[in-house]
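Colleague: Contents of protein-v8.pdb (PDB, C-alpha atoms (C1' of nucleotides)) are given next:
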```
ATOM      1  CA  MET A   1     -34.266 127.363  14.839
ATOM      2  CA  ILE A   2     -33.153 129.958  17.335
ATOM      3  CA  SER A   3     -36.105 132.044  18.510
ATOM      4  CA  PHE A   4     -36.115 135.812  18.753
ATOM      5  CA  GLU A   5     -39.316 135.968  20.790
ATOM      6  CA  GLY A   6     -37.533 137.359  23.816
ATOM      7  CA  PHE A   7     -35.615 139.905  21.798
ATOM      8  CA  ARG A   8     -36.576 143.424  22.798
ATOM      9  CA  PRO A   9     -34.374 145.990  21.038
ATOM     10  CA  VAL A  10     -33.635 149.182  22.917
ATOM     11  CA  ASP A  11     -33.157 152.681  21.562
ATOM     12  CA  GLY A  12     -29.715 154.216  21.669
ATOM     13  CA  VAL A  13     -27.769 151.022  21.063
ATOM     14  CA  PRO A  14     -26.940 149.835  17.515
ATOM     15  CA  ILE A  15     -29.337 147.056  16.521
ATOM     16  CA  TYR A  16     -26.584 144.905  15.078
ATOM     17  CA  LEU A  17     -24.846 144.957  18.468
ATOM     18  CA  GLN A  18     -28.049 144.019  20.244
ATOM     19  CA  ILE A  19     -28.542 141.099  17.885
ATOM     20  CA  MET A  20     -24.971 139.973  18.525
ATOM     21  CA  ASN A  21     -25.339 140.210  22.277
ATOM     22  CA  TYR A  22     -28.691 138.417  22.220
ATOM     23  CA  ILE A  23     -26.980 135.425  20.639
ATOM     24  CA  LYS A  24     -23.973 135.662  22.913
ATOM     25  CA  ARG A  25     -26.060 135.843  26.064
ATOM     26  CA  GLY A  26     -28.110 132.898  24.879
ATOM     27  CA  CYS A  27     -24.920 130.891  24.480
ATOM     28  CA  VAL A  28     -23.614 131.912  27.881
ATOM     29  CA  ALA A  29     -26.946 131.088  29.498
ATOM     30  CA  GLY A  30     -27.092 127.727  27.728
ATOM     31  CA  THR A  31     -30.382 128.406  25.923
ATOM     32  CA  ILE A  32     -28.455 128.412  22.648
ATOM     33  CA  VAL A  33     -26.086 125.526  21.978
ATOM     34  CA  LYS A  34     -23.764 124.151  19.320
ATOM     35  CA  GLY A  35     -25.691 123.037  16.229
ATOM     36  CA  ASP A  36     -28.590 125.434  16.676
ATOM     37  CA  VAL A  37     -29.621 127.058  13.403
ATOM     38  CA  LEU A  38     -29.975 130.817  13.024
ATOM     39  CA  PRO A  39     -32.877 132.337  11.117
ATOM     40  CA  SER A  40     -32.045 133.620   7.648
ATOM     41  CA  ARG A  41     -30.918 137.231   7.191
ATOM     42  CA  ARG A  42     -34.091 138.087   5.296
ATOM     43  CA  TYR A  43     -36.450 136.326   7.672
ATOM     44  CA  LEU A  44     -35.005 137.942  10.773
ATOM     45  CA  SER A  45     -34.793 141.378   9.146
ATOM     46  CA  ALA A  46     -38.468 141.165   8.200
ATOM     47  CA  LEU A  47     -39.340 140.011  11.727
ATOM     48  CA  LEU A  48     -37.505 142.966  13.261
ATOM     49  CA  GLY A  49     -38.522 145.440  10.575
ATOM     50  CA  ILE A  50     -34.951 146.268   9.571
ATOM     51  CA  ASN A  51     -32.668 145.836   6.582
ATOM     52  CA  PRO A  52     -31.152 142.414   5.861
ATOM     53  CA  MET A  53     -27.681 143.971   5.754
ATOM     54  CA  THR A  54     -28.012 145.024   9.369
ATOM     55  CA  VAL A  55     -28.614 141.420  10.338
ATOM     56  CA  GLN A  56     -25.778 140.447   8.035
ATOM     57  CA  LYS A  57     -23.445 142.765   9.918
ATOM     58  CA  ALA A  58     -24.324 141.130  13.234
ATOM     59  CA  PHE A  59     -23.945 137.604  11.843
ATOM     60  CA  LYS A  60     -20.700 138.471  10.090
ATOM     61  CA  MET A  61     -19.187 139.659  13.339
ATOM     62  CA  LEU A  62     -20.359 136.560  15.166
ATOM     63  CA  GLU A  63     -18.665 134.550  12.432
ATOM     64  CA  ASP A  64     -15.463 136.568  12.767
ATOM     65  CA  GLU A  65     -15.507 135.743  16.464
ATOM     66  CA  GLY A  66     -15.871 132.047  15.699
ATOM     67  CA  LEU A  67     -19.283 131.710  17.299
ATOM     68  CA  ILE A  68     -21.114 130.682  14.142
ATOM     69  CA  THR A  69     -20.335 129.435  10.667
ATOM     70  CA  THR A  70     -22.078 130.313   7.434
ATOM     71  CA  LEU A  71     -22.558 128.645   4.055
ATOM     72  CA  GLN A  72     -23.672 130.880   1.231
ATOM     73  CA  GLY A  73     -27.100 129.901  -0.008
ATOM     74  CA  SER A  74     -27.711 127.748   3.022
ATOM     75  CA  GLY A  75     -27.545 129.688   6.290
ATOM     76  CA  SER A  76     -25.752 130.018   9.601
ATOM     77  CA  VAL A  77     -25.231 127.645  12.509
ATOM     78  CA  ILE A  78     -23.779 127.851  16.010
ATOM     79  CA  ILE A  79     -20.375 126.135  16.170
ATOM     80  CA  ALA A  80     -19.003 127.369  19.499
ATOM     81  CA  ASP A  81     -18.456 124.644  22.096
ATOM     82  CA  ASP A  82     -18.524 125.101  25.864
ATOM     83  CA  GLU A  83     -14.880 126.046  25.963
ATOM     84  CA  SER A  84     -15.081 128.879  23.442
ATOM     85  CA  ILE A  85     -18.331 130.037  24.996
ATOM     86  CA  ASN A  86     -16.546 130.363  28.293
ATOM     87  CA  ARG A  87     -13.999 132.543  26.547
ATOM     88  CA  ILE A  88     -16.806 134.724  25.206
ATOM     89  CA  LYS A  89     -18.264 134.938  28.668
ATOM     90  CA  LEU A  90     -15.027 136.429  29.896
ATOM     91  CA  GLU A  91     -14.852 138.722  26.873
ATOM     92  CA  LEU A  92     -18.268 140.109  27.712
ATOM     93  CA  LEU A  93     -16.870 141.019  31.103
ATOM     94  CA  GLU A  94     -13.769 142.602  29.631
ATOM     95  CA  GLY A  95     -15.483 145.793  28.550
ATOM     96  CA  GLU A  96     -17.036 146.289  31.958
ATOM     97  CA  ILE A  97     -13.809 145.616  33.783
ATOM     98  CA  ARG A  98     -11.858 147.948  31.538
ATOM     99  CA  LYS A  99     -14.332 150.721  32.195
ATOM    100  CA  MET A 100     -14.089 150.146  35.907
ATOM    101  CA  THR A 101     -10.305 150.013  36.084
ATOM    102  CA  GLU A 102     -10.119 153.189  33.992
ATOM    103  CA  TYR A 103     -12.540 154.778  36.381
ATOM    104  CA  PHE A 104     -10.533 153.741  39.401
ATOM    105  CA  LYS A 105      -7.273 154.939  37.957
ATOM    106  CA  GLN A 106      -8.635 158.252  36.848
ATOM    107  CA  MET A 107      -9.562 158.837  40.459
ATOM    108  CA  ASN A 108      -6.231 157.698  41.823
ATOM    109  CA  ILE A 109      -7.788 154.746  43.622
ATOM    110  CA  SER A 110      -5.147 152.139  44.448
ATOM    111  CA  GLN A 111      -5.589 148.550  43.364
ATOM    112  CA  GLN A 112      -5.870 147.508  46.992
ATOM    113  CA  LYS A 113      -8.551 150.102  47.638
ATOM    114  CA  ALA A 114     -10.369 149.004  44.489
ATOM    115  CA  ILE A 115     -10.485 145.428  45.706
ATOM    116  CA  GLU A 116     -11.742 146.586  49.094
ATOM    117  CA  LEU A 117     -14.543 148.527  47.434
ATOM    118  CA  LEU A 118     -15.467 145.533  45.295
ATOM    119  CA  GLU A 119     -15.637 143.294  48.355
ATOM    120  CA  GLU A 120     -17.711 145.850  50.211
ATOM    121  CA  TYR A 121     -20.320 146.151  47.502
ATOM    122  CA  TRP A 122     -20.292 142.426  46.957
ATOM    123  CA  GLU A 123     -21.437 141.979  50.576
ATOM    124  CA  ASP A 124     -24.095 144.652  50.129
ATOM    125  CA  ALA A 125     -25.456 142.914  47.071
ATOM    126  CA  ASP A 126     -25.624 139.635  48.976
ATOM    127  CA  ASN A 127     -27.842 141.226  51.602
ATOM    128  CA  GLU A 128     -30.406 142.545  49.124
TER     129      GLU A 128
ATOM    130  CA  MET B   1      -2.331 179.675  36.483
ATOM    131  CA  ILE B   2      -2.774 175.993  35.870
ATOM    132  CA  SER B   3       0.004 174.692  33.623
ATOM    133  CA  PHE B   4      -0.518 172.449  30.619
ATOM    134  CA  GLU B   5       3.138 171.570  30.259
ATOM    135  CA  GLY B   6       2.547 167.935  31.101
ATOM    136  CA  PHE B   7      -0.426 167.676  28.788
ATOM    137  CA  ARG B   8       0.263 165.228  25.974
ATOM    138  CA  PRO B   9      -2.864 164.698  23.857
ATOM    139  CA  VAL B  10      -3.320 161.278  22.312
ATOM    140  CA  ASP B  11      -4.895 160.383  18.984
ATOM    141  CA  GLY B  12      -8.211 158.557  18.986
ATOM    142  CA  VAL B  13      -9.642 160.245  22.063
ATOM    143  CA  PRO B  14     -11.605 163.504  21.760
ATOM    144  CA  ILE B  15      -9.383 166.423  22.767
ATOM    145  CA  TYR B  16     -12.085 168.022  24.878
ATOM    146  CA  LEU B  17     -12.283 164.832  26.976
ATOM    147  CA  GLN B  18      -8.527 164.754  27.401
ATOM    148  CA  ILE B  19      -8.549 168.337  28.598
ATOM    149  CA  MET B  20     -11.323 167.499  31.069
ATOM    150  CA  ASN B  21      -9.503 164.482  32.413
ATOM    151  CA  TYR B  22      -6.237 166.379  32.699
ATOM    152  CA  ILE B  23      -7.942 168.822  35.051
ATOM    153  CA  LYS B  24      -9.747 166.059  36.936
ATOM    154  CA  ARG B  25      -6.592 164.050  37.493
ATOM    155  CA  GLY B  26      -4.851 167.174  38.686
ATOM    156  CA  CYS B  27      -7.581 167.779  41.223
ATOM    157  CA  VAL B  28      -7.515 164.220  42.494
ATOM    158  CA  ALA B  29      -3.723 164.203  42.665
ATOM    159  CA  GLY B  30      -3.719 167.505  44.509
ATOM    160  CA  THR B  31      -1.609 169.341  41.946
ATOM    161  CA  ILE B  32      -4.648 171.474  41.171
ATOM    162  CA  VAL B  33      -6.544 172.993  44.083
ATOM    163  CA  LYS B  34      -9.419 175.312  44.855
ATOM    164  CA  GLY B  35      -8.718 178.851  43.673
ATOM    165  CA  ASP B  36      -6.347 177.869  40.883
ATOM    166  CA  VAL B  37      -7.008 179.824  37.724
ATOM    167  CA  LEU B  38      -7.498 178.146  34.368
ATOM    168  CA  PRO B  39      -5.912 179.560  31.234
ATOM    169  CA  SER B  40      -8.241 181.434  28.927
ATOM    170  CA  ARG B  41     -10.051 179.563  26.149
ATOM    171  CA  ARG B  42      -8.113 181.453  23.504
ATOM    172  CA  TYR B  43      -4.734 181.088  25.155
ATOM    173  CA  LEU B  44      -5.083 177.357  25.704
ATOM    174  CA  SER B  45      -6.513 176.768  22.223
ATOM    175  CA  ALA B  46      -3.531 178.589  20.693
ATOM    176  CA  LEU B  47      -1.148 176.589  22.877
ATOM    177  CA  LEU B  48      -2.695 173.310  21.773
ATOM    178  CA  GLY B  49      -3.283 174.380  18.184
ATOM    179  CA  ILE B  50      -7.027 173.817  18.321
ATOM    180  CA  ASN B  51     -10.197 175.868  18.178
ATOM    181  CA  PRO B  52     -11.297 177.902  21.231
ATOM    182  CA  MET B  53     -14.725 176.241  21.121
ATOM    183  CA  THR B  54     -13.139 172.868  21.736
ATOM    184  CA  VAL B  55     -11.596 174.187  24.943
ATOM    185  CA  GLN B  56     -14.913 175.833  25.734
ATOM    186  CA  LYS B  57     -16.642 172.468  25.500
ATOM    187  CA  ALA B  58     -14.243 170.932  28.009
ATOM    188  CA  PHE B  59     -14.542 173.845  30.428
ATOM    189  CA  LYS B  60     -18.323 173.950  30.105
ATOM    190  CA  MET B  61     -18.564 170.305  31.111
ATOM    191  CA  LEU B  62     -16.253 170.838  34.074
ATOM    192  CA  GLU B  63     -18.533 173.678  35.093
ATOM    193  CA  ASP B  64     -21.625 171.465  34.734
ATOM    194  CA  GLU B  65     -19.939 168.992  37.076
ATOM    195  CA  GLY B  66     -19.341 171.708  39.625
ATOM    196  CA  LEU B  67     -15.573 171.513  39.406
ATOM    197  CA  ILE B  68     -15.016 175.051  38.169
ATOM    198  CA  THR B  69     -16.898 178.307  37.901
ATOM    199  CA  THR B  70     -16.762 180.863  35.119
ATOM    200  CA  LEU B  71     -17.405 184.587  34.826
ATOM    201  CA  GLN B  72     -17.905 185.927  31.349
ATOM    202  CA  GLY B  73     -15.145 188.326  30.383
ATOM    203  CA  SER B  74     -13.001 187.211  33.277
ATOM    204  CA  GLY B  75     -12.177 183.520  33.161
ATOM    205  CA  SER B  76     -12.555 180.223  34.990
ATOM    206  CA  VAL B  77     -11.435 179.106  38.428
ATOM    207  CA  ILE B  78     -11.387 175.846  40.368
ATOM    208  CA  ILE B  79     -14.063 175.900  43.055
ATOM    209  CA  ALA B  80     -14.091 172.295  44.262
ATOM    210  CA  ASP B  81     -12.156 171.727  47.475
ATOM    211  CA  ASP B  82     -10.536 168.423  48.438
ATOM    212  CA  GLU B  83     -13.562 167.334  50.407
ATOM    213  CA  SER B  84     -16.116 167.860  47.662
ATOM    214  CA  ILE B  85     -13.785 166.321  45.081
ATOM    215  CA  ASN B  86     -13.474 163.204  47.161
ATOM    216  CA  ARG B  87     -17.215 163.053  47.715
ATOM    217  CA  ILE B  88     -17.959 163.445  44.017
ATOM    218  CA  LYS B  89     -15.479 160.744  43.047
ATOM    219  CA  LEU B  90     -16.846 158.234  45.514
ATOM    220  CA  GLU B  91     -20.398 158.975  44.409
ATOM    221  CA  LEU B  92     -19.404 158.317  40.819
ATOM    222  CA  LEU B  93     -17.667 155.101  41.820
ATOM    223  CA  GLU B  94     -20.645 153.741  43.698
ATOM    224  CA  GLY B  95     -22.832 153.486  40.613
ATOM    225  CA  GLU B  96     -20.074 151.837  38.612
ATOM    226  CA  ILE B  97     -19.283 149.292  41.277
ATOM    227  CA  ARG B  98     -22.935 148.369  41.744
ATOM    228  CA  LYS B  99     -23.349 147.781  38.022
ATOM    229  CA  MET B 100     -20.136 145.801  38.051
ATOM    230  CA  THR B 101     -21.086 143.449  40.859
ATOM    231  CA  GLU B 102     -24.501 142.897  39.279
ATOM    232  CA  TYR B 103     -22.790 141.983  36.030
ATOM    233  CA  PHE B 104     -20.432 139.554  37.739
ATOM    234  CA  LYS B 105     -23.191 137.844  39.642
ATOM    235  CA  GLN B 106     -25.431 137.480  36.603
ATOM    236  CA  MET B 107     -22.629 135.558  34.922
ATOM    237  CA  ASN B 108     -21.965 133.442  37.963
ATOM    238  CA  ILE B 109     -18.497 134.853  38.470
ATOM    239  CA  SER B 110     -17.244 134.243  41.997
ATOM    240  CA  GLN B 111     -15.935 137.087  44.093
ATOM    241  CA  GLN B 112     -12.487 135.532  43.978
ATOM    242  CA  LYS B 113     -12.604 135.290  40.193
ATOM    243  CA  ALA B 114     -13.819 138.867  40.002
ATOM    244  CA  ILE B 115     -10.832 140.059  41.986
ATOM    245  CA  GLU B 116      -8.516 138.027  39.775
ATOM    246  CA  LEU B 117      -9.979 139.666  36.686
ATOM    247  CA  LEU B 118      -9.647 143.095  38.224
ATOM    248  CA  GLU B 119      -5.982 142.461  39.005
ATOM    249  CA  GLU B 120      -5.366 141.168  35.504
ATOM    250  CA  TYR B 121      -6.826 144.191  33.779
ATOM    251  CA  TRP B 122      -5.127 146.474  36.208
ATOM    252  CA  GLU B 123      -1.797 145.134  34.993
ATOM    253  CA  ASP B 124      -2.881 145.515  31.371
ATOM    254  CA  ALA B 125      -3.807 149.144  31.922
ATOM    255  CA  ASP B 126      -0.429 149.759  33.532
ATOM    256  CA  ASN B 127       1.334 148.563  30.425
ATOM    257  CA  GLU B 128      -0.482 150.883  28.055
TER     258      GLU B 128
ATOM    259  C1'  DT C   1     -34.223 122.774 -14.515
ATOM    260  C1'  DC C   2     -36.294 126.330 -12.126
ATOM    261  C1'  DA C   3     -38.352 128.776  -8.565
ATOM    262  C1'  DA C   4     -37.704 130.226  -4.140
ATOM    263  C1'  DC C   5     -35.027 130.209  -0.882
ATOM    264  C1'  DT C   6     -30.268 131.310   0.988
ATOM    265  C1'  DG C   7     -25.787 134.661   1.753
ATOM    266  C1'  DT C   8     -22.753 138.729  -0.133
ATOM    267  C1'  DA C   9     -20.661 142.853  -2.328
ATOM    268  C1'  DT C  10     -21.183 147.543  -3.440
ATOM    269  C1'  DT C  11     -22.890 151.777  -2.958
ATOM    270  C1'  DA C  12     -25.819 155.344  -0.914
ATOM    271  C1'  DT C  13     -28.220 157.796   2.803
ATOM    272  C1'  DA C  14     -29.059 159.722   7.495
ATOM    273  C1'  DG C  15     -27.491 161.136  11.736
ATOM    274  C1'  DG C  16     -24.370 162.194  15.331
ATOM    275  C1'  DA C  17     -19.803 163.551  17.328
ATOM    276  C1'  DG C  18     -15.903 166.366  17.202
ATOM    277  C1'  DT C  19     -14.167 170.369  15.689
ATOM    278  C1'  DA C  20     -13.962 174.872  13.629
ATOM    279  C1'  DA C  21     -15.370 179.853  11.836
ATOM    280  C1'  DT C  22     -17.585 183.729  12.912
ATOM    281  C1'  DA C  23     -19.870 187.198  15.266
ATOM    282  C1'  DC C  24     -21.444 188.737  19.566
ATOM    283  C1'  DA C  25     -21.308 190.033  24.792
ATOM    284  C1'  DC C  26     -18.959 190.929  28.958
ATOM    285  C1'  DT C  27     -14.773 192.499  32.111
ATOM    286  C1'  DA C  28     -10.549 194.607  33.383
ATOM    287  C1'  DT C  29      -7.531 198.214  33.283
ATOM    288  C1'  DG C  30      -4.990 202.027  31.537
TER     289       DG C  30
ATOM    290  C1'  DC D   1     -14.296 205.198  27.769
ATOM    291  C1'  DA D   2     -11.393 202.681  24.843
ATOM    292  C1'  DT D   3      -9.008 198.746  23.997
ATOM    293  C1'  DA D   4      -7.571 194.348  24.574
ATOM    294  C1'  DG D   5      -8.436 190.901  26.931
ATOM    295  C1'  DT D   6     -12.179 187.520  28.434
ATOM    296  C1'  DG D   7     -16.439 183.978  27.693
ATOM    297  C1'  DT D   8     -20.590 182.516  24.563
ATOM    298  C1'  DA D   9     -24.073 181.571  20.944
ATOM    299  C1'  DT D  10     -24.849 180.130  16.381
ATOM    300  C1'  DT D  11     -23.765 177.909  12.547
ATOM    301  C1'  DA D  12     -21.305 174.894   9.570
ATOM    302  C1'  DC D  13     -18.006 171.550   8.154
ATOM    303  C1'  DT D  14     -15.938 166.889   8.316
ATOM    304  C1'  DC D  15     -15.640 162.343   9.494
ATOM    305  C1'  DC D  16     -17.438 158.105  10.970
ATOM    306  C1'  DT D  17     -21.131 154.882  12.215
ATOM    307  C1'  DA D  18     -25.425 152.695  11.564
ATOM    308  C1'  DT D  19     -28.572 151.533   8.357
ATOM    309  C1'  DA D  20     -30.584 150.854   3.897
ATOM    310  C1'  DA D  21     -31.189 149.939  -1.378
ATOM    311  C1'  DT D  22     -29.857 147.305  -4.948
ATOM    312  C1'  DA D  23     -27.859 143.921  -7.587
ATOM    313  C1'  DC D  24     -25.302 139.782  -7.614
ATOM    314  C1'  DA D  25     -24.125 134.727  -6.305
ATOM    315  C1'  DG D  26     -24.820 130.187  -4.282
ATOM    316  C1'  DT D  27     -28.144 126.193  -2.419
ATOM    317  C1'  DT D  28     -32.092 123.525  -2.121
ATOM    318  C1'  DG D  29     -35.672 120.505  -3.508
ATOM    319  C1'  DA D  30     -39.857 119.377  -6.206
TER     320       DA D  30
END
```
Mind converting the file's structure to structure tokens?
Modeller:
Amino acid sequence: MISFEGFRPVDGVPIYLQIMNYIKRGCVAGTIVKGDVLPSRRYLSALLGINPMTVQKAFKMLEDEGLITTLQGSGSVIIADDESINRIKLELLEGEIRKMTEYFKQMNISQQKAIELLEEYWEDADNE
Amino acid sequence: MISFEGFRPVDGVPIYLQIMNYIKRGCVAGTIVKGDVLPSRRYLSALLGINPMTVQKAFKMLEDEGLITTLQGSGSVIIADDESINRIKLELLEGEIRKMTEYFKQMNISQQKAIELLEEYWEDADNE
DNA sequence: TCAACTGTATTATAGGAGTAATACACTATG
DNA sequence: CATAGTGTATTACTCCTATAATACAGTTGA
């Protein structure tokens, strides 16, 4: 069963989103793989001290995204294979990229200049 | 006085943010410069068919960012010159880019792939 | 079968964000 | 110094989101 030992919720971000992202990151990192079983809604909610419906919301959205499947009365299981996980990996980036491109455009930075800036800070990060 | 002729508010985004960004884009584009006078809260609110306090919120935030200054009973004026505008924008970009490159690297995205993604979402934003 | 587990649908509550109504305070100008 | 303009503080209303309470429905296994 998938462990939530390393799960450290943070204030200011909806818990259901943090639960979702915890699972997603686990999949991307390879620590969670196809066939792994999720804890029950009630068990996890008790563990985290929240309402089962909050966990339900997170799991429901993961199901809508095709990451897990659920059988009423039984539980939920990871069904995403490497290919779909790779898609999720790119989706996680989408939000960040959108924010950045919006930012650039709002400031009238050209695409070429944006790429130059990215390259510049990429080098800087390499040297840290 | 700064014109709001080209201002076309969009549903789904807070009006006060759209007002802020309209001014910011004008400054970056050079169509709004230091010394330009903003319309009064009441005048602009009547023009847009909204409450004066909504305009006030936008102007107050522009003031907090150092873009304009306000004298009670008189009105608001642009105080940021081209140099300080450019400096502020680049400062804001730096934080975003750093976060961005960190994000990419954590997910093992290559620099080349990162640039590809940036180009892709740049196109998407153009088509909106 | 039945008890104890599982998921789910519906409804309610709390809080925040965006916006507005109102009254107040200051400035400009005749 | 009066009046009509200006900005501002306080308060409240509305909508939506996040979360919870409750009751219902399916599965499992001794």
Colleague: Each residue of chain A lying at most 7 Å from chain D should get a row with its shortest atom-to-atom pair and the distance in Å to one decimal, counting only C-alpha atoms (C1' of nucleotides); could you produce that, ordered by chain and increasing number, as a tab-separated table?
Modeller:
```
residue	atom	partner	partner_atom	distance
A:Pro14	CA	D:DA18	C1'	6.8
A:Asn51	CA	D:DA20	C1'	6.1
A:Thr54	CA	D:DT19	C1'	6.6
A:Gln72	CA	D:DG26	C1'	5.7
A:Gly73	CA	D:DT27	C1'	4.5
A:Ser74	CA	D:DT27	C1'	5.7
```
Colleague: Could you list, as a VMD selection string, the residues of chain C having an atom within 12 Å of chain A when counting all atoms listed in the file?
Modeller: chain C and resid 4 to 10 16
Colleague: Given 3 Å on each side, where is the centre and what are the edge lengths in Å to one decimal of the axis-aligned box enclosing the listed atoms of stretch 86-100 of chain A, as lines of an AutoDock Vina configuration file?
Modeller:
```
center_x = -15.1
center_y = 140.5
center_z = 30.6
size_x = 12.4
size_y = 26.4
size_z = 16.7
```
Colleague: If you measure from atom CA of A:Ile79 to atom CA of A:Gly35, what distance in Å do you get, rounded to one decimal?
Modeller: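 So the two atoms, atom CA of A:Ile79 and atom CA of A:Gly35, lie 6.2 Å apart.
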Colleague: Please tabulate, as JSON lines, the residues of chain B that come within 10 Å of chain A, each with its closest pair of atoms and the distance in Å to one decimal, counting all atoms listed in the file and ordering rows by chain, then residue number upward.
Modeller:
```
{"residue": "B:Asn21", "atom": "CA", "partner": "A:Gln106", "partner_atom": "CA", "distance": 7.7}
{"residue": "B:Tyr22", "atom": "CA", "partner": "A:Gln106", "partner_atom": "CA", "distance": 9.4}
{"residue": "B:Lys24", "atom": "CA", "partner": "A:Gln106", "partner_atom": "CA", "distance": 7.9}
{"residue": "B:Arg25", "atom": "CA", "partner": "A:Gln106", "partner_atom": "CA", "distance": 6.2}
{"residue": "B:Gly26", "atom": "CA", "partner": "A:Met107", "partner_atom": "CA", "distance": 9.7}
{"residue": "B:Cys27", "atom": "CA", "partner": "A:Met107", "partner_atom": "CA", "distance": 9.2}
{"residue": "B:Val28", "atom": "CA", "partner": "A:Met107", "partner_atom": "CA", "distance": 6.1}
{"residue": "B:Ala29", "atom": "CA", "partner": "A:Asn108", "partner_atom": "CA", "distance": 7.0}
{"residue": "B:Ile85", "atom": "CA", "partner": "A:Met107", "partner_atom": "CA", "distance": 9.8}
{"residue": "B:Asn86", "atom": "CA", "partner": "A:Met107", "partner_atom": "CA", "distance": 8.9}
{"residue": "B:Lys89", "atom": "CA", "partner": "A:Met107", "partner_atom": "CA", "distance": 6.7}
{"residue": "B:Leu90", "atom": "CA", "partner": "A:Met107", "partner_atom": "CA", "distance": 8.9}
{"residue": "B:Leu92", "atom": "CA", "partner": "A:Tyr103", "partner_atom": "CA", "distance": 8.9}
{"residue": "B:Leu93", "atom": "CA", "partner": "A:Tyr103", "partner_atom": "CA", "distance": 7.5}
{"residue": "B:Glu94", "atom": "CA", "partner": "A:Tyr121", "partner_atom": "CA", "distance": 8.5}
{"residue": "B:Glu96", "atom": "CA", "partner": "A:Met100", "partner_atom": "CA", "distance": 6.8}
{"residue": "B:Ile97", "atom": "CA", "partner": "A:Leu118", "partner_atom": "CA", "distance": 6.7}
{"residue": "B:Arg98", "atom": "CA", "partner": "A:Tyr121", "partner_atom": "CA", "distance": 6.7}
{"residue": "B:Lys99", "atom": "CA", "partner": "A:Glu96", "partner_atom": "CA", "distance": 8.9}
{"residue": "B:Met100", "atom": "CA", "partner": "A:Glu96", "partner_atom": "CA", "distance": 6.9}
{"residue": "B:Thr101", "atom": "CA", "partner": "A:Trp122", "partner_atom": "CA", "distance": 6.2}
{"residue": "B:Glu102", "atom": "CA", "partner": "A:Ala125", "partner_atom": "CA", "distance": 7.9}
{"residue": "B:Tyr103", "atom": "CA", "partner": "A:Leu93", "partner_atom": "CA", "distance": 7.8}
{"residue": "B:Phe104", "atom": "CA", "partner": "A:Leu93", "partner_atom": "CA", "distance": 7.7}
{"residue": "B:Lys105", "atom": "CA", "partner": "A:Trp122", "partner_atom": "CA", "distance": 9.1}
{"residue": "B:Gln106", "atom": "CA", "partner": "A:Ala29", "partner_atom": "CA", "distance": 9.7}
{"residue": "B:Met107", "atom": "CA", "partner": "A:Lys89", "partner_atom": "CA", "distance": 7.7}
{"residue": "B:Ile109", "atom": "CA", "partner": "A:Leu90", "partner_atom": "CA", "distance": 9.4}
{"residue": "B:Gln111", "atom": "CA", "partner": "A:Trp122", "partner_atom": "CA", "distance": 7.5}
{"residue": "B:Gln112", "atom": "CA", "partner": "A:Glu119", "partner_atom": "CA", "distance": 9.5}
{"residue": "B:Ala114", "atom": "CA", "partner": "A:Leu118", "partner_atom": "CA", "distance": 8.7}
{"residue": "B:Ile115", "atom": "CA", "partner": "A:Ile115", "partner_atom": "CA", "distance": 6.5}
{"residue": "B:Glu116", "atom": "CA", "partner": "A:Ile115", "partner_atom": "CA", "distance": 9.7}
{"residue": "B:Leu117", "atom": "CA", "partner": "A:Ile97", "partner_atom": "CA", "distance": 7.6}
{"residue": "B:Leu118", "atom": "CA", "partner": "A:Ile97", "partner_atom": "CA", "distance": 6.6}
{"residue": "B:Glu119", "atom": "CA", "partner": "A:Gln111", "partner_atom": "CA", "distance": 7.5}
{"residue": "B:Glu120", "atom": "CA", "partner": "A:Ile97", "partner_atom": "CA", "distance": 9.7}
{"residue": "B:Tyr121", "atom": "CA", "partner": "A:Arg98", "partner_atom": "CA", "distance": 6.7}
{"residue": "B:Trp122", "atom": "CA", "partner": "A:Thr101", "partner_atom": "CA", "distance": 6.3}
{"residue": "B:Glu123", "atom": "CA", "partner": "A:Gln111", "partner_atom": "CA", "distance": 9.8}
{"residue": "B:Asp124", "atom": "CA", "partner": "A:Arg98", "partner_atom": "CA", "distance": 9.3}
{"residue": "B:Ala125", "atom": "CA", "partner": "A:Thr101", "partner_atom": "CA", "distance": 7.8}
{"residue": "B:Asp126", "atom": "CA", "partner": "A:Lys105", "partner_atom": "CA", "distance": 9.7}
```
Colleague: Check what the PyMOL selection byres ((chain B and resi 37) around 9) selects in the file above and give those residues as a PyMOL selection string.
Modeller: chain B and resi 1-2+34-36+38-39+75-78
Colleague: If I take atom CA of A:Pro9 and atom CA of A:Leu47, how far is one from the other in Å, to one decimal?
Modeller: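 Atom-to-atom, atom CA of A:Pro9 and atom CA of A:Leu47 are spaced 12.1 Å apart.
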Colleague: Can you check the Cα RMSD once chain B has been least-squares fitted onto chain A over every paired atom, in order?
Modeller: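 Rounded to one decimal, the C-alpha RMSD is 4.0 Å.
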Colleague: Under the PyMOL selection byres ((chain B and resi 65) around 12), which residues of this model are included? Write them out as a ChimeraX atom specification.
Modeller: /B:20,24,58-64,66-69,78-80,84-85,88-89,92
Colleague: When you draw a straight line from atom CA of A:Arg8 to atom CA of A:Glu91, how long is it in Å?
Modeller: 22.6 Å
